[in-house]
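K.L.:
Let me begin by handing over the structure; questions about it come next.
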Amino acid sequence: MKLHRIVLRNYRGVEASTVEIAGDGVTIIEGRNEVGKSSLAEALDLVLSVPDSSKSSRVRSVQPVHHDVGPEVEVDIESGPYRFRYHKRWLKRAATHLEVLEPQREQLTGRDAHQRVEEILAETLDVDLFATLRFVQGDAVVMPTFELVSLSRALDAAAADDRAGDREDALWAAICAERGRYWTPTGMPRGDRADSARRVAEAETEVAELLESIRQLDAEVAEVADLDARIIAIRAELESQRELAEKLGEEARVTERLHTEVERVGALHAAAIAAVEQATSAAERRQELLDEVSEALDAVEKYRQEAERVAPTRAAAEANLAAAREAAATAHEAWRRAEDRHALAVFDADLRRREIEVEQLTERRDRIVDARSRLALAEGTLAGIHVDESAVAAIEAAHIELVKAEAAAKAGAPTIRVEAFRSLPVEIDGVIESLGPNDHQEYRASERFEVAVEGLMRLEVVPGDDARGLVDRVHEARRELQRRCEAVSAASLSDARALLAQREHAQRERDDSQAAIRRDLRDLSFEELSAKVDRLHERIDEQRRTRAETPPLPVDLSAAQHLVDESNRHLDGLAEVAERADRRVSDAEATQREVSEADITSTLRLEDATAAAARLEDQLEVARQTCPDSELHERVRDASERVAASEAALDAARGALAAADPASLEVRRNNLRSTIDRAEEALATSTERRIKLLTHLELAGEQGLGHQLGAAEAELEHRRRAYEQHEARARAAERLYEVFAARREEARDRYSAPFRTKIEEFGRIVFGPDFSVELDGLRVRTRTLDGVTLDVEELSVGAKEQLGILARLACAVLVAADGGAPVILDDALGWTDQRRLERMGAAISLAARSCQVIVLTCMPSRYASVGNATLVTLDSPSR
């Protein structure tokens, strides 16, 4: 099939568009996004498959928005011996027109035209091939399968002498039928085999359960004897502990009496201390009163002398005050002018300082933004990993259990020693070995084991339940290890450790990022920090607007601070001068006031001091009449002696209490109570367990477990023989199937060789001379490059896209002789670098010598290396 022309009218955003396509070689249709390139491929599908009567969502989606017209598509196609023009319009005035030009002219309309085109395509076109050879923009980049009728015909023609005949096919069908009696198509055992294995397993389980029941009964008899001895020992121990509890109770009562004595003597001692404090306080108050009287008499004498020294000189004091005030006014005026200069310097320094602060805050904000980005990445990594230290520890424990189980299974398996007295062939577990005189072999038999001498004897060794139990333990340990690995999406112990290392790295990165954010945010949130930066910018702009142009702004903070320091020192000097002037004014005023008030003040002070001394002398006299000084001292001495005596008694009582060690006694009593409770609980538990065991033994004796065991073992032997015979036939059928399938696969590899050769021919142009592929049927499975073989799904998106296009080109070339179909590439090679684009262009050019290639792209530069291509440029759609 070849496409020669396609016309769109009222199709999505395209009012009218005609594209002529070269019948041979490469046609590159280029245009901007949304110009209608992908609509061409979509319209081709629509006109060939959807009748004009359809009103499906697929048809409605291509109708122009806000235009009540029907979309139209017309194509000029060559397919096999046919050449026809085909036109359809949907929705509005629906119509279909077909004009067949070759091999003989036909004209049809409506459903007849639609059905005729379907007949032509069914006769001449492999529809699956037509779909496979298209690479559509937006589809997932996957490797298609080329199990196509047309490609198979081409490969059949190339490998006609190597195909199987009818007899071989009949034999293969018989082999598959025989295998199908025992195996499912996916290689799983059939249901009857599984039922047979299940019946054997059930019989084995029944035997094991009966043996376990008998073993448990023996263990219960021994446990009853142990419980009898334990109950006697517990009762004796309880009696001893109760006697000790009574003794410790008596010691506790003695300790309580010592506690009461300490409290009584302590109360007497506290009363004695209070009496000492009261007597001492009275003596101290008497001494304070004596000191106050002496001080009052000294003050009377002082004020009398002061009054005699005062000599008023009012005129000199007033003249001194006037001169001081004039000097102070001059100093304050100079200080105010300096203060204005200092305020401007501080303003400038504050402006420069804010400029530095906003720069530092901006740097902090930038660091926070970077740390947030790293934090988000680390948290994303942690969200995708479910491994933690406990999970790894559990996996390690499961791995250790598996190793232990395997070692135990190996150690617990019986050793079989085979020794020959003369030369003879011996079949050992299915393997024939020749033994000479006195030669011997040893084997571990963890499962069923057989030794046979043809014509003489056969020895079968069946391991006991213990050996099978060890093997089951190995299987269970392996399943547990696999379950724990799968629970955290790990393939193995080493994989889990690697995931844990990734998690720990992500946690450290997260912690470092959070620490960096906290360090730069400090006591602010991110929004507060950003707002602070904005406010500083506004404040700086406001300061610059309000500042006068002269004097000029200092060049930086250092210069501004220098002006502040200089103005501050000058201001300090003037302030000191003004302060001294103010002090001189204050001194002069004080002197003037003192001169005028000195006489009155001196007189009043003398009178007050004399009255205060008289009051204090009266208070002292009254106190001495109540209690003389000598009696106060006697009371203090007597009270101190009582304190010393009570303190000695209190020390003695406390010593006796400490010797009794009440804390240790209480610990011992509490521990003994817990011990008695535990012993009583153990006695009750043991008695209850003994009764329960005796009851169970009595009931078990009536069940006849020995007879049941014999019957179960006989049934197990019968089922096992039937199962093993059936399995032998199944293994033979499977072996025959595998051998014959391998032979057929070899023939199939030779059958698909032309397809692989053609892919490798194009691939070596793009990837180099050491490029090769392996096929799985007719689908590319692996790619080998530079000696490295990778599964297709492991390739990068670009390499997978390139290999998919090359496979489509190879398929198109092989089927071209039988009519074939065009290769349509819609915005492909977007993941390809410039070097590979040049090589892909050469491969496309080579393939286009044998088939039609149509490229739809918004980036024609990707296909600049395609030689002899026809370029069609789509203009913006008419609206």
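Going by the structure tokens order, chains are called A, B, ..., each with residues numbered from 1, while ligands are numbered from 1 in the order shown.
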Residues of range 387-479 of chain A classed as strand (DSSP E) by DSSP on the backbone are to be reported as a ChimeraX atom specification.
P.N.:
/A:415-419,424-428,431-435,440-444,449-453,457-461
K.L.:
Which neighbours of range 222-233 of chain A fall inside 9 Å, counting only C-alpha atoms, when residues of the same chain fewer than 6 positions from it are skipped, and could you give them as a PyMOL selection string?
P.N.:
chain A and resi 682-684+686-687+689-691+693-694
K.L.:
Go ahead and dump the residues you just picked, N, CA and C atoms, as an mmCIF file, in the first residue's frame.
P.N.:
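To be explicit, this is the file written out as result-v6.cif:
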```
data_model
loop_
_atom_site.group_PDB
_atom_site.id
_atom_site.type_symbol
_atom_site.label_atom_id
_atom_site.label_comp_id
_atom_site.auth_asym_id
_atom_site.auth_seq_id
_atom_site.Cartn_x
_atom_site.Cartn_y
_atom_site.Cartn_z
ATOM 1 N N ALA A 682 2.255 -19.712 91.807
ATOM 2 C CA ALA A 682 2.887 -20.870 91.172
ATOM 3 C C ALA A 682 2.252 -22.171 91.656
ATOM 4 N N LEU A 683 1.898 -22.231 92.967
ATOM 5 C CA LEU A 683 1.262 -23.417 93.516
ATOM 6 C C LEU A 683 -0.100 -23.656 92.863
ATOM 7 N N ALA A 684 -0.877 -22.554 92.717
ATOM 8 C CA ALA A 684 -2.199 -22.692 92.090
ATOM 9 C C ALA A 684 -2.067 -23.105 90.625
ATOM 10 N N SER A 686 0.453 -24.729 89.145
ATOM 11 C CA SER A 686 0.936 -26.110 89.024
ATOM 12 C C SER A 686 -0.174 -27.106 89.344
ATOM 13 N N THR A 687 -0.974 -26.798 90.382
ATOM 14 C CA THR A 687 -2.072 -27.707 90.753
ATOM 15 C C THR A 687 -3.101 -27.801 89.627
ATOM 16 N N ARG A 689 -2.590 -27.148 86.416
ATOM 17 C CA ARG A 689 -1.982 -27.834 85.262
ATOM 18 C C ARG A 689 -1.965 -29.349 85.485
ATOM 19 N N ARG A 690 -1.708 -29.799 86.729
ATOM 20 C CA ARG A 690 -1.663 -31.239 87.036
ATOM 21 C C ARG A 690 -3.033 -31.872 86.817
ATOM 22 N N ILE A 691 -4.070 -31.190 87.289
ATOM 23 C CA ILE A 691 -5.433 -31.720 87.115
ATOM 24 C C ILE A 691 -5.784 -31.815 85.636
ATOM 25 N N LEU A 693 -3.708 -32.094 83.030
ATOM 26 C CA LEU A 693 -2.943 -33.154 82.367
ATOM 27 C C LEU A 693 -3.517 -34.541 82.684
ATOM 28 N N LEU A 694 -3.884 -34.769 83.955
ATOM 29 C CA LEU A 694 -4.436 -36.070 84.330
ATOM 30 C C LEU A 694 -5.746 -36.338 83.583
#
```
K.L.:
So which one's closest to Cys176 in chain A, A:Glu538, A:Glu734, A:Glu261, A:Glu326? Using only C-alpha atoms, please.
P.N.:
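Nearest to Cys176 in chain A: A:Glu734.
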K.L.:
Have a look at A:Glu251, A:Asp827, A:Glu202, A:Glu301 and name the one nearest to Arg605 in chain A; count only C-alpha atoms.
P.N.:
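Using only C-alpha atoms, the shortest distance to Arg605 in chain A belongs to A:Glu301.
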K.L.:
Which residues are close to Val62 in chain A, i.e. within 12 Å by only C-alpha atoms, leaving aside same-chain residues fewer than 2 positions away? Reply as JSON, numbers by chain.
P.N.:
{"A": [8, 9, 10, 11, 12, 13, 14, 15, 36, 39, 40, 42, 43, 46, 55, 56, 57, 58, 59, 60, 64, 65, 67, 69, 70, 71, 72, 73, 89, 90, 91]}
K.L.:
Hey, can you spit out that residue selection with N, CA, C and O atoms as a CSV table (one decimal), in the first residue's frame?
P.N.:
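That gives us result.csv:
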```csv
chain,number,residue,atom,x,y,z
A,8,LEU,N,-7.7,17.4,3.6
A,8,LEU,CA,-8.6,17.6,4.8
A,8,LEU,C,-9.4,18.9,4.6
A,8,LEU,O,-8.8,19.9,4.1
A,9,ARG,N,-10.7,18.9,4.9
A,9,ARG,CA,-11.5,20.1,4.9
A,9,ARG,C,-12.4,20.1,6.2
A,9,ARG,O,-13.0,19.0,6.5
A,10,ASN,N,-12.4,21.2,6.8
A,10,ASN,CA,-13.2,21.4,8.0
A,10,ASN,C,-12.9,20.3,9.0
A,10,ASN,O,-13.8,19.7,9.6
A,11,TYR,N,-11.6,20.0,9.2
A,11,TYR,CA,-11.1,18.9,10.1
A,11,TYR,C,-10.4,19.6,11.3
A,11,TYR,O,-9.3,20.2,11.1
A,12,ARG,N,-11.0,19.4,12.5
A,12,ARG,CA,-10.5,20.1,13.7
A,12,ARG,C,-10.3,21.6,13.4
A,12,ARG,O,-11.2,22.3,13.0
A,13,GLY,N,-9.1,22.1,13.5
A,13,GLY,CA,-8.8,23.5,13.2
A,13,GLY,C,-8.4,23.8,11.8
A,13,GLY,O,-8.0,24.9,11.4
A,14,VAL,N,-8.4,22.7,10.9
A,14,VAL,CA,-8.0,22.9,9.5
A,14,VAL,C,-9.2,23.1,8.6
A,14,VAL,O,-10.1,22.3,8.5
A,15,GLU,N,-9.2,24.3,8.0
A,15,GLU,CA,-10.3,24.6,7.0
A,15,GLU,C,-10.1,23.8,5.7
A,15,GLU,O,-11.0,23.2,5.2
A,36,GLY,N,-1.7,20.6,12.2
A,36,GLY,CA,-2.5,19.5,11.6
A,36,GLY,C,-1.7,18.4,11.1
A,36,GLY,O,-2.2,17.5,10.4
A,39,SER,N,-3.0,15.2,12.6
A,39,SER,CA,-4.4,15.0,12.1
A,39,SER,C,-4.4,14.2,10.8
A,39,SER,O,-5.3,13.5,10.4
A,40,LEU,N,-3.3,14.2,10.0
A,40,LEU,CA,-3.2,13.5,8.7
A,40,LEU,C,-3.3,12.0,9.0
A,40,LEU,O,-4.0,11.3,8.3
A,42,GLU,N,-4.4,10.5,11.7
A,42,GLU,CA,-5.7,10.2,12.3
A,42,GLU,C,-6.8,10.2,11.2
A,42,GLU,O,-7.6,9.3,11.2
A,43,ALA,N,-6.7,11.2,10.3
A,43,ALA,CA,-7.7,11.2,9.2
A,43,ALA,C,-7.7,10.0,8.3
A,43,ALA,O,-8.7,9.5,7.8
A,46,LEU,N,-9.5,7.3,10.0
A,46,LEU,CA,-10.9,7.6,10.0
A,46,LEU,C,-11.6,7.3,8.7
A,46,LEU,O,-12.6,6.6,8.6
A,55,LYS,N,-21.8,8.7,14.2
A,55,LYS,CA,-21.8,9.9,15.0
A,55,LYS,C,-21.1,9.7,16.3
A,55,LYS,O,-21.4,10.2,17.3
A,56,SER,N,-20.1,8.8,16.3
A,56,SER,CA,-19.4,8.4,17.5
A,56,SER,C,-18.6,9.6,18.0
A,56,SER,O,-18.3,10.6,17.3
A,57,SER,N,-18.1,9.5,19.2
A,57,SER,CA,-17.3,10.5,19.8
A,57,SER,C,-16.0,10.7,19.0
A,57,SER,O,-15.4,11.8,18.9
A,58,ARG,N,-15.5,9.6,18.4
A,58,ARG,CA,-14.3,9.7,17.6
A,58,ARG,C,-14.5,10.7,16.4
A,58,ARG,O,-13.6,11.4,16.0
A,59,VAL,N,-15.8,10.6,15.8
A,59,VAL,CA,-16.1,11.5,14.7
A,59,VAL,C,-16.4,12.9,15.2
A,59,VAL,O,-15.9,13.9,14.6
A,60,ARG,N,-17.2,13.0,16.2
A,60,ARG,CA,-17.6,14.4,16.7
A,60,ARG,C,-16.3,15.2,17.2
A,60,ARG,O,-16.3,16.4,17.1
A,64,PRO,N,-15.0,20.9,13.5
A,64,PRO,CA,-14.5,22.2,14.0
A,64,PRO,C,-15.4,22.8,15.1
A,64,PRO,O,-16.6,22.7,15.0
A,65,VAL,N,-14.8,23.4,16.0
A,65,VAL,CA,-15.5,24.1,17.1
A,65,VAL,C,-16.2,25.3,16.6
A,65,VAL,O,-15.6,26.1,15.8
A,67,HIS,N,-18.4,25.7,14.3
A,67,HIS,CA,-18.7,25.7,12.9
A,67,HIS,C,-19.7,24.6,12.6
A,67,HIS,O,-19.3,23.4,12.9
A,69,VAL,N,-20.4,22.5,10.3
A,69,VAL,CA,-20.1,21.9,9.1
A,69,VAL,C,-19.6,20.5,9.4
A,69,VAL,O,-19.2,20.2,10.5
A,70,GLY,N,-19.6,19.6,8.4
A,70,GLY,CA,-19.1,18.2,8.6
A,70,GLY,C,-17.6,18.1,8.1
A,70,GLY,O,-17.2,18.6,7.1
A,71,PRO,N,-16.8,17.4,8.9
A,71,PRO,CA,-15.4,17.2,8.5
A,71,PRO,C,-15.3,16.3,7.3
A,71,PRO,O,-16.1,15.3,7.1
A,72,GLU,N,-14.3,16.6,6.4
A,72,GLU,CA,-14.2,15.8,5.2
A,72,GLU,C,-12.7,15.4,5.0
A,72,GLU,O,-11.8,16.1,5.4
A,73,VAL,N,-12.6,14.1,4.5
A,73,VAL,CA,-11.2,13.6,4.2
A,73,VAL,C,-11.3,12.9,2.8
A,73,VAL,O,-12.2,12.2,2.5
A,89,ARG,N,-17.5,12.4,4.0
A,89,ARG,CA,-17.9,13.6,4.8
A,89,ARG,C,-18.8,13.0,5.9
A,89,ARG,O,-19.7,12.3,5.6
A,90,TRP,N,-18.6,13.5,7.2
A,90,TRP,CA,-19.4,13.0,8.3
A,90,TRP,C,-20.3,14.1,8.8
A,90,TRP,O,-20.1,15.3,8.6
A,91,LEU,N,-21.3,13.7,9.6
A,91,LEU,CA,-22.2,14.6,10.4
A,91,LEU,C,-23.1,15.4,9.6
A,91,LEU,O,-24.3,15.3,9.6
```
K.L.:
Taking only C-alpha atoms into account, name the residue in A:Ser240, A:Pro860, A:Phe767, A:Ala95 that is nearest to Ala842 in chain A.
P.N.:
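Among A:Ser240, A:Pro860, A:Phe767, A:Ala95, it is A:Phe767 that comes nearest to Ala842 in chain A.
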K.L.:
Write out as a tab-separated table (two decimals) with N, CA and C atoms, in the first residue's frame which residues come within 12 Å of Leu775 in chain A when counting only C-alpha atoms, dropping same-chain ones fewer than 2 positions away.
P.N.:
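Contents of the output file around-v1.tsv:
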```tsv
chain	number	residue	atom	x	y	z
A	143	MET	N	8.71	-1.92	22.28
A	143	MET	CA	9.13	-2.68	21.11
A	143	MET	C	7.95	-3.53	20.64
A	144	PRO	N	7.43	-3.30	19.40
A	144	PRO	CA	6.27	-4.07	18.94
A	144	PRO	C	6.67	-5.49	18.58
A	145	THR	N	5.68	-6.36	18.55
A	145	THR	CA	5.91	-7.71	18.01
A	145	THR	C	5.59	-7.70	16.52
A	146	PHE	N	6.32	-8.48	15.76
A	146	PHE	CA	6.13	-8.51	14.32
A	146	PHE	C	5.58	-9.86	13.86
A	147	GLU	N	4.74	-10.47	14.73
A	147	GLU	CA	4.06	-11.71	14.35
A	147	GLU	C	2.93	-11.33	13.39
A	745	GLU	N	12.53	-24.89	17.99
A	745	GLU	CA	13.00	-23.51	18.21
A	745	GLU	C	14.21	-23.21	17.33
A	748	ARG	N	12.89	-22.46	14.05
A	748	ARG	CA	12.26	-21.14	14.04
A	748	ARG	C	13.30	-20.02	13.99
A	749	ASP	N	14.46	-20.23	14.68
A	749	ASP	CA	15.54	-19.23	14.62
A	749	ASP	C	16.02	-19.05	13.18
A	750	ARG	N	16.18	-20.19	12.45
A	750	ARG	CA	16.60	-20.07	11.06
A	750	ARG	C	15.54	-19.39	10.21
A	751	TYR	N	14.27	-19.63	10.58
A	751	TYR	CA	13.14	-19.03	9.87
A	751	TYR	C	13.13	-17.50	10.02
A	752	SER	N	13.48	-16.98	11.26
A	752	SER	CA	13.44	-15.54	11.51
A	752	SER	C	14.77	-14.85	11.17
A	753	ALA	N	15.77	-15.58	10.67
A	753	ALA	CA	17.09	-15.01	10.41
A	753	ALA	C	17.06	-13.84	9.43
A	754	PRO	N	16.27	-13.89	8.31
A	754	PRO	CA	16.28	-12.73	7.39
A	754	PRO	C	15.83	-11.44	8.08
A	755	PHE	N	14.83	-11.54	8.97
A	755	PHE	CA	14.35	-10.35	9.68
A	755	PHE	C	15.46	-9.80	10.59
A	756	ARG	N	16.12	-10.68	11.34
A	756	ARG	CA	17.21	-10.23	12.22
A	756	ARG	C	18.35	-9.64	11.39
A	757	THR	N	18.67	-10.26	10.25
A	757	THR	CA	19.77	-9.76	9.41
A	757	THR	C	19.47	-8.35	8.91
A	759	ILE	N	17.46	-6.10	10.32
A	759	ILE	CA	17.55	-5.16	11.46
A	759	ILE	C	19.01	-4.82	11.74
A	760	GLU	N	19.88	-5.85	11.75
A	760	GLU	CA	21.29	-5.62	12.04
A	760	GLU	C	21.96	-4.81	10.94
A	772	SER	N	24.35	-6.04	17.24
A	772	SER	CA	23.58	-7.24	16.89
A	772	SER	C	22.37	-7.31	17.79
A	773	VAL	N	21.37	-8.14	17.39
A	773	VAL	CA	20.16	-8.30	18.18
A	773	VAL	C	19.83	-9.78	18.28
A	777	GLY	N	10.97	-15.05	18.98
A	777	GLY	CA	9.99	-15.17	17.92
A	777	GLY	C	10.30	-14.11	16.87
A	778	LEU	N	9.37	-13.19	16.65
A	778	LEU	CA	9.59	-12.08	15.72
A	778	LEU	C	9.55	-10.75	16.48
A	779	ARG	N	10.04	-10.76	17.68
A	779	ARG	CA	10.12	-9.55	18.49
A	779	ARG	C	11.55	-9.39	19.00
A	780	VAL	N	12.10	-8.18	18.88
A	780	VAL	CA	13.47	-7.93	19.33
A	780	VAL	C	13.51	-8.07	20.85
A	781	ARG	N	14.36	-8.97	21.33
A	781	ARG	CA	14.44	-9.22	22.77
A	781	ARG	C	15.65	-8.55	23.41
A	782	THR	N	16.86	-8.63	22.76
A	782	THR	CA	18.07	-8.05	23.34
A	782	THR	C	18.83	-7.29	22.27
A	783	ARG	N	19.67	-6.35	22.75
A	783	ARG	CA	20.60	-5.64	21.86
A	783	ARG	C	22.00	-5.79	22.41
A	784	THR	N	22.97	-6.12	21.53
A	784	THR	CA	24.37	-6.24	21.92
A	784	THR	C	25.15	-5.12	21.25
A	791	ASP	N	18.68	-6.37	27.75
A	791	ASP	CA	17.30	-6.56	27.36
A	791	ASP	C	16.76	-5.23	26.82
A	792	VAL	N	15.85	-5.31	25.84
A	792	VAL	CA	15.32	-4.08	25.22
A	792	VAL	C	14.71	-3.16	26.27
A	807	ALA	N	13.51	-1.56	13.41
A	807	ALA	CA	12.78	-2.82	13.23
A	807	ALA	C	11.59	-2.62	12.29
```
K.L.:
As a count of residues only, please: every residue in range 339-503 of chain A that a backbone DSSP assignment puts in helix (DSSP H, G or I).
P.N.:
103
K.L.:
Take CA of Ile854 in chain A and CA of Gly25 in chain A and report the distance between them in Å, one decimal.
P.N.:
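CA of Gly25 in chain A lies at a distance of 8.6 Å from CA of Ile854 in chain A.
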K.L.:
Applying 12 Å and only C-alpha atoms, which residues near Ala267 in chain A remain after dropping the ones on its own chain fewer than 5 positions away? List them as a PyMOL selection string.
P.N.:
chain A and resi 260-262+272-274+643+646-647+649-650
K.L.:
Could you check how far CA of Ala322 in chain A sits from CA of Thr601 in chain A, in Å to one decimal?
P.N.:
24.6 Å
K.L.:
Of the candidates A:Leu101, A:Lys2, A:Val265, A:Val293, which shows the shortest atom-to-atom distance to Ala645 in chain A, using only C-alpha atoms?
P.N.:
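The closest residue to Ala645 in chain A is A:Val265.
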K.L.:
Mind giving me the straight-line distance from CA of Ile400 in chain A to CA of Ser489 in chain A in Å, one decimal?
P.N.:
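Here the two named atoms are 19.7 Å from each other.
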K.L.:
Given the choices A:Ala343, A:Ala420, A:Leu108, A:Leu155, which gets closest to Val815 in chain A if the distance is worked out from only C-alpha atoms?
P.N.:
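Distance minimum relative to Val815 in chain A lands on A:Leu155.
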K.L.:
Show which residues sit within 12 Å of Val142 in chain A, as a list in words. Count only C-alpha atoms, and ignore same-chain residues fewer than 5 positions away.
P.N.:
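Neighbouring residues, sequence-local ones excluded: Thr132, Phe135, Val136, Arg779, Val780, Arg781, Val792, Glu793, Glu794, Leu795, Ser796, Val797, Gly798, Ala799, Lys800, Glu801, Gln802, Leu803, Gly804, Ile805 and Ala807 of chain A.
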